[in-house]
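In what follows, a structure is listed as structure tokens, so that the remarks can point back to it.
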2 protein chains.
Amino acid sequence: MKIGKLNIFKVFIIGMTTVSFIQAQKEPMVIQDQGSFAVGGTVKSNPGTFDAIKRGPEGQTFHGDHAYIFYQIPINARKHPLVMWHGIGQFSKTWETTPDGREGYQNIFLRRGFSTYIMDQPRRGRAGKSMAEATIVPNPDEQFWFNIFRVGVWPDYFPGVQFAQDEETLNQYFRQITPNIGGFDTEVITDAASQLFDKIGDGVLVTHSHSGGFGWATAMKNEKVKAIVSYEPGSGFPFPEGEVPEPIESSAGALRAVGVAKKEFLKLTKIPIVIYYGDFIPKEYDPNPGTDGWRVRLEMARKWRDVVNKHGGDVTVVHLPEVGIKGNTHFPFSDLNNVKVADLMSDWLKEKELD
Amino acid sequence: MKIGKLNIFKVFIIGMTTVSFIQAQKEPMVIQDQGSFAVGGTVKSNPGTFDAIKRGPEGQTFHGDHAYIFYQIPINARKHPLVMWHGIGQFSKTWETTPDGREGYQNIFLRRGFSTYIMDQPRRGRAGKSMAEATIVPNPDEQFWFNIFRVGVWPDYFPGVQFAQDEETLNQYFRQITPNIGGFDTEVITDAASQLFDKIGDGVLVTHSHSGGFGWATAMKNEKVKAIVSYEPGSGFPFPEGEVPEPIESSAGALRAVGVAKKEFLKLTKIPIVIYYGDFIPKEYDPNPGTDGWRVRLEMARKWRDVVNKHGGDVTVVHLPEVGIKGNTHFPFSDLNNVKVADLMSDWLKEKELD
């Protein structure tokens, strides 16, 4: 903002010689429409009749368990909108300004002409009105997440990590965690996501971590999910019954696959899927569960790719360091090199004729 | 969105004769910058050293009690940004798409060239990471709020109310309620709001209901609050000690004023302030506490105006029906006539040379 004001000032004072300054600024975003809505959820009602004077519980209702969406549609939007879905302990912030203050996927893909639908899943963030009672306790746990999110091994950062190492970045990063209000209910969560696609029509689902598993389940529920881009999916890989692999052991515990009816599984062979994993994932057993959990998730993702593709699917697993993109944490889309990471996604969307 | 596609289609098929269709659509919003950040809050730390293998509580931190801001800066923005602050039980949604799907103040004032900073106060919505433990219970209470928000006397709507009476509007309206995660802590809340003004500089604060009281307190903390537009402030009117009026009785209970040091109070005489109240506020005692609570708030607002102005201030109280704007609920800025309500605010900002 300060750079912007300075540039405008310079234009008035110095004139046309400063055009290069203006060009160094980002172009404005031209938005045809933006707004928000709740989607999905249920209602419960108390028996009886509400009394306006006594104001007791009788006859009152409670609407909850919806998802919450903020959308932006640029002028001349591309055909398929992107539905962006956060991971565990996170909310829509995942896709907005990065912890170090740069543009995240919300702006990057808006600038590239995509409509964006940024979701808070039921019981999280702006969708906090939960049908389940919950006790929320402020237990210090941020070093646990720092390690699982592969920024480093607290208090050290990984060498070459694509994460700014100043205090304010870490402050913003820890404040983008938010509690779950009530337990995870996969049906509630994926019903809301599926109803979002019913409302907006065909689109591309972009998932992260925990929403990876919810994303596969949503695509099995709704054929309007035309493709999935999944960053570091964590669990819930669905295999056809009879082909479910053994759990894979790690120092973070055993990672189990999920068995689903083959008819359901086959729906995932009908759409293109790409999965990305970042850096600092060990090749062999690591006693640090923060990293070792990702070794087995990457292994499971590859097993899953093989089974889906054997049945006629189109799944690609990209381990970023193997294509020369190094230093990424669990959040490649907000890391320092996120424009390069976004370019890779753009290329894939183009290749699959989804843009 | 469907209308937009139809128009573009028509342009291609029929040509320039359809220009009038295009003009009926809204102009796009041209945004120089948009993003989000956390501001304010505190940190607590467990003693000891974090162990990456055992992952116990020792040495871990917890960041919480910040506010959360989503901002948009249009090209050629006006001098003062608008900081929009929701009321009780609500979050940033208050200012976004209305329950019936029209544009709220976020878009209306962006289109009018104002930068907007939409806040979720600490312990609410996207700022849900609370330093206070909380148990959240999904108790049905929506009819209670329907009446307090003066949509009607459940299940009836007020005659002439500026609120769409279809089922989906009510569904969206009830889903824009969200729980408070932990109790209200005025210091925590107003510290975060004050730090927002430290970060962005001079601005105009736009409050609603519960944030009305927090708004007066924030303006006493930070002189970068250059004006306040307050919709239906509920409580917390600060009078100089020695001039605090008696509580005013209503069927909703007694409304009490707050006493503050005169030096603090006088800060509120240095900025222009406008207060708006909507319709359906009884002139005399009403046994329905949903409406009667507003009779005494309007009365208290007028007492407060008189005392601030007596000390050299510039407070205006506008009871909308008295200037011919009828049918408004507790949410005039999202009611069916919200463009007219926004026009009134624009006129006031212009009159005070704040635009």
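Here's how to read the names in the structure tokens: chain A, B, ... by the order shown, residue numbers from 1 in each chain, ligand numbers from 1 in the order shown.
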
Review point. Got a sec to tell me which of stretch 23-164 of chain A DSSP assigns to strand (DSSP E or B), as a ChimeraX atom specification?
Key: /A:29-39,42-45,61-64,67-74,82-85,116-120,124,127,134-136,152-153,156-157

Review point. Please, which residues of stretch 262-320 of chain A, numbered as in this document, come out helix (DSSP H, G or I) from DSSP, as a VMD selection string?
Key: chain A and resid 262 to 267 289 to 310 320

Just to be explicit: take each residue in the selection above, keep N, CA, C and O atoms, and write the result as an mmCIF file, in the first residue's frame.
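Result file follows (part-v4.cif):
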data_model
loop_
_atom_site.group_PDB
_atom_site.id
_atom_site.type_symbol
_atom_site.label_atom_id
_atom_site.label_comp_id
_atom_site.auth_asym_id
_atom_site.auth_seq_id
_atom_site.Cartn_x
_atom_site.Cartn_y
_atom_site.Cartn_z
ATOM 1 N N LYS A 262 -16.637 -50.820 -4.530
ATOM 2 C CA LYS A 262 -15.923 -50.602 -5.792
ATOM 3 C C LYS A 262 -16.665 -49.623 -6.695
ATOM 4 O O LYS A 262 -16.049 -48.779 -7.372
ATOM 5 N N LYS A 263 -17.999 -49.697 -6.675
ATOM 6 C CA LYS A 263 -18.810 -48.781 -7.494
ATOM 7 C C LYS A 263 -18.488 -47.323 -7.134
ATOM 8 O O LYS A 263 -18.407 -46.461 -8.017
ATOM 9 N N GLU A 264 -18.352 -47.065 -5.833
ATOM 10 C CA GLU A 264 -18.013 -45.704 -5.388
ATOM 11 C C GLU A 264 -16.592 -45.349 -5.808
ATOM 12 O O GLU A 264 -16.327 -44.263 -6.324
ATOM 13 N N PHE A 265 -15.679 -46.268 -5.548
ATOM 14 C CA PHE A 265 -14.264 -46.041 -5.890
ATOM 15 C C PHE A 265 -14.096 -45.665 -7.358
ATOM 16 O O PHE A 265 -13.326 -44.765 -7.703
ATOM 17 N N LEU A 266 -14.842 -46.362 -8.220
ATOM 18 C CA LEU A 266 -14.649 -46.169 -9.668
ATOM 19 C C LEU A 266 -14.977 -44.740 -10.112
ATOM 20 O O LEU A 266 -14.482 -44.273 -11.136
ATOM 21 N N LYS A 267 -15.790 -44.021 -9.310
ATOM 22 C CA LYS A 267 -16.091 -42.621 -9.646
ATOM 23 C C LYS A 267 -14.815 -41.776 -9.661
ATOM 24 O O LYS A 267 -14.722 -40.800 -10.400
ATOM 25 N N PRO A 289 8.314 -37.860 14.680
ATOM 26 C CA PRO A 289 7.005 -38.128 14.072
ATOM 27 C C PRO A 289 6.515 -36.977 13.201
ATOM 28 O O PRO A 289 5.696 -37.180 12.296
ATOM 29 N N GLY A 290 7.019 -35.758 13.471
ATOM 30 C CA GLY A 290 6.631 -34.595 12.665
ATOM 31 C C GLY A 290 6.906 -34.812 11.190
ATOM 32 O O GLY A 290 6.109 -34.413 10.335
ATOM 33 N N THR A 291 8.048 -35.440 10.887
ATOM 34 C CA THR A 291 8.356 -35.702 9.477
ATOM 35 C C THR A 291 7.960 -37.119 9.050
ATOM 36 O O THR A 291 7.515 -37.312 7.915
ATOM 37 N N ASP A 292 8.110 -38.084 9.959
ATOM 38 C CA ASP A 292 7.916 -39.479 9.536
ATOM 39 C C ASP A 292 6.483 -39.773 9.102
ATOM 40 O O ASP A 292 6.257 -40.624 8.238
ATOM 41 N N GLY A 293 5.515 -39.038 9.693
ATOM 42 C CA GLY A 293 4.120 -39.205 9.275
ATOM 43 C C GLY A 293 3.927 -38.929 7.791
ATOM 44 O O GLY A 293 3.060 -39.524 7.137
ATOM 45 N N TRP A 294 4.769 -38.046 7.243
ATOM 46 C CA TRP A 294 4.631 -37.693 5.817
ATOM 47 C C TRP A 294 5.279 -38.716 4.906
ATOM 48 O O TRP A 294 4.840 -38.902 3.762
ATOM 49 N N ARG A 295 6.305 -39.399 5.416
ATOM 50 C CA ARG A 295 6.906 -40.489 4.636
ATOM 51 C C ARG A 295 5.844 -41.524 4.265
ATOM 52 O O ARG A 295 5.726 -41.930 3.095
ATOM 53 N N VAL A 296 5.022 -41.906 5.241
ATOM 54 C CA VAL A 296 4.040 -42.962 4.975
ATOM 55 C C VAL A 296 2.836 -42.433 4.193
ATOM 56 O O VAL A 296 2.215 -43.179 3.429
ATOM 57 N N ARG A 297 2.538 -41.137 4.347
ATOM 58 C CA ARG A 297 1.432 -40.573 3.552
ATOM 59 C C ARG A 297 1.819 -40.510 2.062
ATOM 60 O O ARG A 297 1.009 -40.826 1.188
ATOM 61 N N LEU A 298 3.066 -40.111 1.813
ATOM 62 C CA LEU A 298 3.533 -40.088 0.422
ATOM 63 C C LEU A 298 3.527 -41.502 -0.163
ATOM 64 O O LEU A 298 3.095 -41.715 -1.315
ATOM 65 N N GLU A 299 3.951 -42.477 0.652
ATOM 66 C CA GLU A 299 3.956 -43.871 0.187
ATOM 67 C C GLU A 299 2.530 -44.346 -0.106
ATOM 68 O O GLU A 299 2.270 -44.997 -1.131
ATOM 69 N N MET A 300 1.601 -43.990 0.788
ATOM 70 C CA MET A 300 0.200 -44.402 0.592
ATOM 71 C C MET A 300 -0.403 -43.721 -0.639
ATOM 72 O O MET A 300 -1.164 -44.347 -1.391
ATOM 73 N N ALA A 301 -0.050 -42.446 -0.846
ATOM 74 C CA ALA A 301 -0.562 -41.718 -2.023
ATOM 75 C C ALA A 301 -0.120 -42.415 -3.305
ATOM 76 O O ALA A 301 -0.890 -42.518 -4.273
ATOM 77 N N ARG A 302 1.129 -42.916 -3.302
ATOM 78 C CA ARG A 302 1.616 -43.599 -4.509
ATOM 79 C C ARG A 302 0.916 -44.942 -4.719
ATOM 80 O O ARG A 302 0.599 -45.319 -5.853
ATOM 81 N N LYS A 303 0.673 -45.659 -3.616
ATOM 82 C CA LYS A 303 -0.083 -46.920 -3.728
ATOM 83 C C LYS A 303 -1.480 -46.638 -4.289
ATOM 84 O O LYS A 303 -2.002 -47.366 -5.135
ATOM 85 N N TRP A 304 -2.059 -45.556 -3.784
ATOM 86 C CA TRP A 304 -3.425 -45.209 -4.209
ATOM 87 C C TRP A 304 -3.437 -44.835 -5.696
ATOM 88 O O TRP A 304 -4.294 -45.292 -6.452
ATOM 89 N N ARG A 305 -2.469 -44.005 -6.083
ATOM 90 C CA ARG A 305 -2.327 -43.639 -7.504
ATOM 91 C C ARG A 305 -2.291 -44.895 -8.379
ATOM 92 O O ARG A 305 -3.010 -44.992 -9.388
ATOM 93 N N ASP A 306 -1.485 -45.859 -7.946
ATOM 94 C CA ASP A 306 -1.327 -47.066 -8.768
ATOM 95 C C ASP A 306 -2.638 -47.826 -8.908
ATOM 96 O O ASP A 306 -2.964 -48.330 -9.989
ATOM 97 N N VAL A 307 -3.387 -47.919 -7.819
ATOM 98 C CA VAL A 307 -4.652 -48.665 -7.868
ATOM 99 C C VAL A 307 -5.700 -47.906 -8.691
ATOM 100 O O VAL A 307 -6.412 -48.493 -9.508
ATOM 101 N N VAL A 308 -5.796 -46.598 -8.498
ATOM 102 C CA VAL A 308 -6.778 -45.816 -9.281
ATOM 103 C C VAL A 308 -6.437 -45.910 -10.774
ATOM 104 O O VAL A 308 -7.325 -46.151 -11.610
ATOM 105 N N ASN A 309 -5.160 -45.774 -11.075
ATOM 106 C CA ASN A 309 -4.779 -45.786 -12.498
ATOM 107 C C ASN A 309 -4.936 -47.181 -13.112
ATOM 108 O O ASN A 309 -5.282 -47.306 -14.294
ATOM 109 N N LYS A 310 -4.711 -48.216 -12.302
ATOM 110 C CA LYS A 310 -4.934 -49.587 -12.778
ATOM 111 C C LYS A 310 -6.386 -49.792 -13.219
ATOM 112 O O LYS A 310 -6.682 -50.526 -14.156
ATOM 113 N N LEU A 320 7.493 -32.587 -4.961
ATOM 114 C CA LEU A 320 8.080 -31.358 -5.528
ATOM 115 C C LEU A 320 9.600 -31.386 -5.663
ATOM 116 O O LEU A 320 10.124 -30.943 -6.694
#

Practice item. Pull out every residue of chain A sitting within 6 Å of chain B, counting only C-alpha atoms, and send them as a PyMOL selection string. Key: chain A and resi 28-32+35-36+53+60-63+97+125-126+128-129+131+133-138+140-143+175+178+288

Hey, can you spit out that residue selection with N, CA and C atoms as an mmCIF file, in the first residue's frame?
data_model
loop_
_atom_site.group_PDB
_atom_site.id
_atom_site.type_symbol
_atom_site.label_atom_id
_atom_site.label_comp_id
_atom_site.auth_asym_id
_atom_site.auth_seq_id
_atom_site.Cartn_x
_atom_site.Cartn_y
_atom_site.Cartn_z
ATOM 1 N N PRO A 28 -4.417 -4.148 -10.951
ATOM 2 C CA PRO A 28 -5.604 -4.331 -10.109
ATOM 3 C C PRO A 28 -6.388 -5.584 -10.508
ATOM 4 N N MET A 29 -7.159 -6.089 -9.563
ATOM 5 C CA MET A 29 -8.052 -7.225 -9.825
ATOM 6 C C MET A 29 -9.423 -6.667 -10.194
ATOM 7 N N VAL A 30 -9.986 -7.157 -11.289
ATOM 8 C CA VAL A 30 -11.276 -6.630 -11.754
ATOM 9 C C VAL A 30 -12.345 -7.690 -11.491
ATOM 10 N N ILE A 31 -13.196 -7.391 -10.529
ATOM 11 C CA ILE A 31 -14.117 -8.391 -9.990
ATOM 12 C C ILE A 31 -15.548 -8.062 -10.386
ATOM 13 N N GLN A 32 -16.176 -9.016 -11.069
ATOM 14 C CA GLN A 32 -17.556 -8.815 -11.507
ATOM 15 C C GLN A 32 -18.523 -8.959 -10.343
ATOM 16 N N GLY A 35 -19.138 -12.195 -2.874
ATOM 17 C CA GLY A 35 -20.098 -12.282 -1.789
ATOM 18 C C GLY A 35 -19.903 -13.543 -0.983
ATOM 19 N N SER A 36 -20.876 -13.834 -0.127
ATOM 20 C CA SER A 36 -20.734 -14.969 0.770
ATOM 21 C C SER A 36 -22.091 -15.603 1.043
ATOM 22 N N ILE A 53 -42.830 -12.951 25.382
ATOM 23 C CA ILE A 53 -42.625 -12.261 26.659
ATOM 24 C C ILE A 53 -41.701 -13.064 27.570
ATOM 25 N N GLN A 60 -38.211 -22.828 19.886
ATOM 26 C CA GLN A 60 -37.070 -22.153 19.249
ATOM 27 C C GLN A 60 -36.280 -23.133 18.363
ATOM 28 N N THR A 61 -35.579 -22.586 17.395
ATOM 29 C CA THR A 61 -34.808 -23.392 16.432
ATOM 30 C C THR A 61 -33.308 -23.088 16.542
ATOM 31 N N PHE A 62 -32.513 -23.990 15.958
ATOM 32 C CA PHE A 62 -31.067 -23.798 15.877
ATOM 33 C C PHE A 62 -30.594 -24.326 14.526
ATOM 34 N N HIS A 63 -30.040 -23.437 13.708
ATOM 35 C CA HIS A 63 -29.467 -23.809 12.411
ATOM 36 C C HIS A 63 -27.958 -23.950 12.578
ATOM 37 N N THR A 97 -3.824 -13.993 2.266
ATOM 38 C CA THR A 97 -2.475 -13.471 2.462
ATOM 39 C C THR A 97 -1.602 -14.498 3.196
ATOM 40 N N GLY A 125 -14.097 -21.746 11.903
ATOM 41 C CA GLY A 125 -13.995 -20.361 11.427
ATOM 42 C C GLY A 125 -15.356 -19.686 11.312
ATOM 43 N N ARG A 126 -15.661 -19.252 10.091
ATOM 44 C CA ARG A 126 -16.916 -18.543 9.864
ATOM 45 C C ARG A 126 -18.112 -19.482 9.819
ATOM 46 N N GLY A 128 -18.852 -21.575 12.324
ATOM 47 C CA GLY A 128 -18.630 -22.046 13.697
ATOM 48 C C GLY A 128 -19.888 -22.460 14.433
ATOM 49 N N LYS A 129 -21.039 -22.341 13.804
ATOM 50 C CA LYS A 129 -22.294 -22.673 14.502
ATOM 51 C C LYS A 129 -22.525 -24.169 14.374
ATOM 52 N N MET A 131 -23.749 -28.085 15.488
ATOM 53 C CA MET A 131 -24.831 -28.843 16.121
ATOM 54 C C MET A 131 -24.292 -29.688 17.283
ATOM 55 N N GLU A 133 -22.144 -30.073 20.829
ATOM 56 C CA GLU A 133 -21.571 -29.341 21.961
ATOM 57 C C GLU A 133 -20.058 -29.531 21.972
ATOM 58 N N ALA A 134 -19.330 -28.493 22.373
ATOM 59 C CA ALA A 134 -17.867 -28.584 22.353
ATOM 60 C C ALA A 134 -17.267 -27.776 23.489
ATOM 61 N N THR A 135 -16.208 -28.311 24.076
ATOM 62 C CA THR A 135 -15.422 -27.531 25.032
ATOM 63 C C THR A 135 -14.080 -27.225 24.376
ATOM 64 N N ILE A 136 -13.772 -25.929 24.309
ATOM 65 C CA ILE A 136 -12.579 -25.463 23.604
ATOM 66 C C ILE A 136 -11.566 -25.023 24.659
ATOM 67 N N VAL A 137 -10.403 -25.654 24.673
ATOM 68 C CA VAL A 137 -9.392 -25.374 25.692
ATOM 69 C C VAL A 137 -8.136 -24.817 25.017
ATOM 70 N N PRO A 138 -7.638 -23.681 25.516
ATOM 71 C CA PRO A 138 -6.448 -23.082 24.881
ATOM 72 C C PRO A 138 -5.151 -23.756 25.318
ATOM 73 N N PRO A 140 -1.490 -24.951 24.899
ATOM 74 C CA PRO A 140 -0.335 -24.652 24.027
ATOM 75 C C PRO A 140 0.096 -25.886 23.232
ATOM 76 N N ASP A 141 0.111 -25.755 21.904
ATOM 77 C CA ASP A 141 0.409 -26.908 21.038
ATOM 78 C C ASP A 141 1.082 -26.476 19.735
ATOM 79 N N GLU A 142 1.573 -25.243 19.684
ATOM 80 C CA GLU A 142 2.016 -24.719 18.397
ATOM 81 C C GLU A 142 3.340 -25.316 17.929
ATOM 82 N N GLN A 143 4.196 -25.758 18.851
ATOM 83 C CA GLN A 143 5.465 -26.380 18.449
ATOM 84 C C GLN A 143 5.203 -27.757 17.831
ATOM 85 N N ARG A 175 -1.405 -17.735 14.433
ATOM 86 C CA ARG A 175 -2.758 -17.187 14.606
ATOM 87 C C ARG A 175 -3.705 -17.624 13.497
ATOM 88 N N THR A 178 -7.131 -22.346 14.109
ATOM 89 C CA THR A 178 -8.389 -22.024 14.810
ATOM 90 C C THR A 178 -9.043 -23.330 15.246
ATOM 91 N N ASN A 288 11.536 -38.742 14.411
ATOM 92 C CA ASN A 288 10.744 -37.516 14.546
ATOM 93 C C ASN A 288 9.391 -37.737 13.872
#

**Study point:** Contact residues around A:Glu246 with only C-alpha atoms at 10 Å, ignoring same-chain residues under 6 positions, as a PyMOL selection string
**Key:** chain A and resi 254-257+300

Exercise for review: Do a neighbour search on stretch 222-224 of chain A at 7 Å with only C-alpha atoms, toss out local chain neighbours closer than 3 positions, and write the hits as a list of chain:residue names.
Suggested key: A:Ser194, A:Phe197, A:Gly201, A:Asp202, A:Gly203, A:Thr218, A:Ala219

Atoms kept (N, CA, C and O atoms) for selection, written as a short mmCIF file (atom, residue, chain, number, x, y, z; two decimals), in the first residue's frame:
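File written: result20.cif
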data_model
loop_
_atom_site.label_atom_id
_atom_site.label_comp_id
_atom_site.auth_asym_id
_atom_site.auth_seq_id
_atom_site.Cartn_x
_atom_site.Cartn_y
_atom_site.Cartn_z
N SER A 194 -20.64 -31.07 -0.94
CA SER A 194 -21.38 -31.55 -2.11
C SER A 194 -22.50 -30.58 -2.47
O SER A 194 -22.73 -30.28 -3.66
N PHE A 197 -21.28 -27.71 -4.53
CA PHE A 197 -21.17 -27.99 -5.98
C PHE A 197 -22.55 -28.03 -6.64
O PHE A 197 -22.70 -27.59 -7.78
N GLY A 201 -22.40 -25.56 -9.57
CA GLY A 201 -22.15 -26.33 -10.79
C GLY A 201 -20.73 -26.87 -10.85
O GLY A 201 -20.02 -26.87 -9.85
N ASP A 202 -20.34 -27.31 -12.05
CA ASP A 202 -19.03 -27.94 -12.23
C ASP A 202 -17.89 -27.07 -11.71
O ASP A 202 -17.89 -25.85 -11.92
N GLY A 203 -16.90 -27.71 -11.08
CA GLY A 203 -15.75 -26.96 -10.58
C GLY A 203 -14.59 -27.88 -10.25
O GLY A 203 -14.71 -29.11 -10.28
N THR A 218 -16.12 -36.29 -1.22
CA THR A 218 -17.04 -35.35 -1.87
C THR A 218 -17.16 -35.68 -3.36
O THR A 218 -18.26 -35.65 -3.93
N ALA A 219 -16.03 -36.01 -3.99
CA ALA A 219 -16.06 -36.34 -5.42
C ALA A 219 -16.85 -37.63 -5.66
O ALA A 219 -17.48 -37.78 -6.72
#

Review point. Within 6 Å of stretch 236-238 of chain B, counting only C-alpha atoms, which residues qualify if same-chain residues fewer than 3 places away don't, as a ChimeraX atom specification?
Key: /B:213,257-259

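For the choices B:Ile228, B:Leu82, B:Leu196, B:Ile325, the atom-to-atom distance to B:Asp343 is smallest for B:Ile325 when using only C-alpha atoms.
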
Exercise for review: Please identify all polymer residues within 8 Å of B:Gly152, counting only C-alpha atoms, omitting same-chain residues fewer than 6 positions from it, and present them as a list in words.
Suggested key: Phe146, Phe158 and Val161 of chain B

Restricting it to all heavy atoms, dump the selection as a PDB file, in the first residue's frame.
ATOM      1  N   PHE B 146     -34.668 -13.250  16.604  1.00  0.00           N
ATOM      2  CA  PHE B 146     -35.603 -12.724  15.593  1.00  0.00           C
ATOM      3  C   PHE B 146     -36.364 -11.530  16.177  1.00  0.00           C
ATOM      4  O   PHE B 146     -36.526 -10.487  15.527  1.00  0.00           O
ATOM      5  CB  PHE B 146     -36.568 -13.842  15.185  1.00  0.00           C
ATOM      6  CG  PHE B 146     -37.580 -13.490  14.128  1.00  0.00           C
ATOM      7  CD1 PHE B 146     -37.326 -13.734  12.793  1.00  0.00           C
ATOM      8  CD2 PHE B 146     -38.828 -12.946  14.476  1.00  0.00           C
ATOM      9  CE1 PHE B 146     -38.272 -13.437  11.806  1.00  0.00           C
ATOM     10  CE2 PHE B 146     -39.766 -12.637  13.500  1.00  0.00           C
ATOM     11  CZ  PHE B 146     -39.492 -12.878  12.167  1.00  0.00           C
ATOM     12  N   PHE B 158     -43.041  -7.891  11.015  1.00  0.00           N
ATOM     13  CA  PHE B 158     -43.677  -6.588  11.171  1.00  0.00           C
ATOM     14  C   PHE B 158     -44.249  -6.147   9.809  1.00  0.00           C
ATOM     15  O   PHE B 158     -43.605  -6.359   8.772  1.00  0.00           O
ATOM     16  CB  PHE B 158     -42.674  -5.535  11.655  1.00  0.00           C
ATOM     17  CG  PHE B 158     -42.350  -5.628  13.120  1.00  0.00           C
ATOM     18  CD1 PHE B 158     -41.019  -5.676  13.550  1.00  0.00           C
ATOM     19  CD2 PHE B 158     -43.352  -5.634  14.087  1.00  0.00           C
ATOM     20  CE1 PHE B 158     -40.708  -5.755  14.897  1.00  0.00           C
ATOM     21  CE2 PHE B 158     -43.048  -5.706  15.445  1.00  0.00           C
ATOM     22  CZ  PHE B 158     -41.718  -5.771  15.845  1.00  0.00           C
ATOM     23  N   VAL B 161     -41.947  -4.435   7.044  1.00  0.00           N
ATOM     24  CA  VAL B 161     -40.529  -4.625   7.403  1.00  0.00           C
ATOM     25  C   VAL B 161     -39.677  -4.783   6.137  1.00  0.00           C
ATOM     26  O   VAL B 161     -40.106  -5.418   5.165  1.00  0.00           O
ATOM     27  CB  VAL B 161     -40.357  -5.832   8.361  1.00  0.00           C
ATOM     28  CG1 VAL B 161     -40.675  -7.160   7.669  1.00  0.00           C
ATOM     29  CG2 VAL B 161     -38.962  -5.854   8.973  1.00  0.00           C
TER      30      VAL B 161
END

Revision key, fill the gap. A straight line from atom CA of B:Lys226 to atom CA of B:Gln72 spans 19.5 Å

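Between atom CA of B:Ile189 and atom CA of B:Ala227 there is a distance of 18.8 Å.
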
Review point. Using only C-alpha atoms, which of B:Ser211, B:Thr269, B:Ser115, B:Ser235 sits nearest B:Trp85?
Key: B:Ser211

Point to revise | Atom pair atom CA of A:Ile118 / atom CA of A:Thr207: separation (Å) | key: 10.7 Å
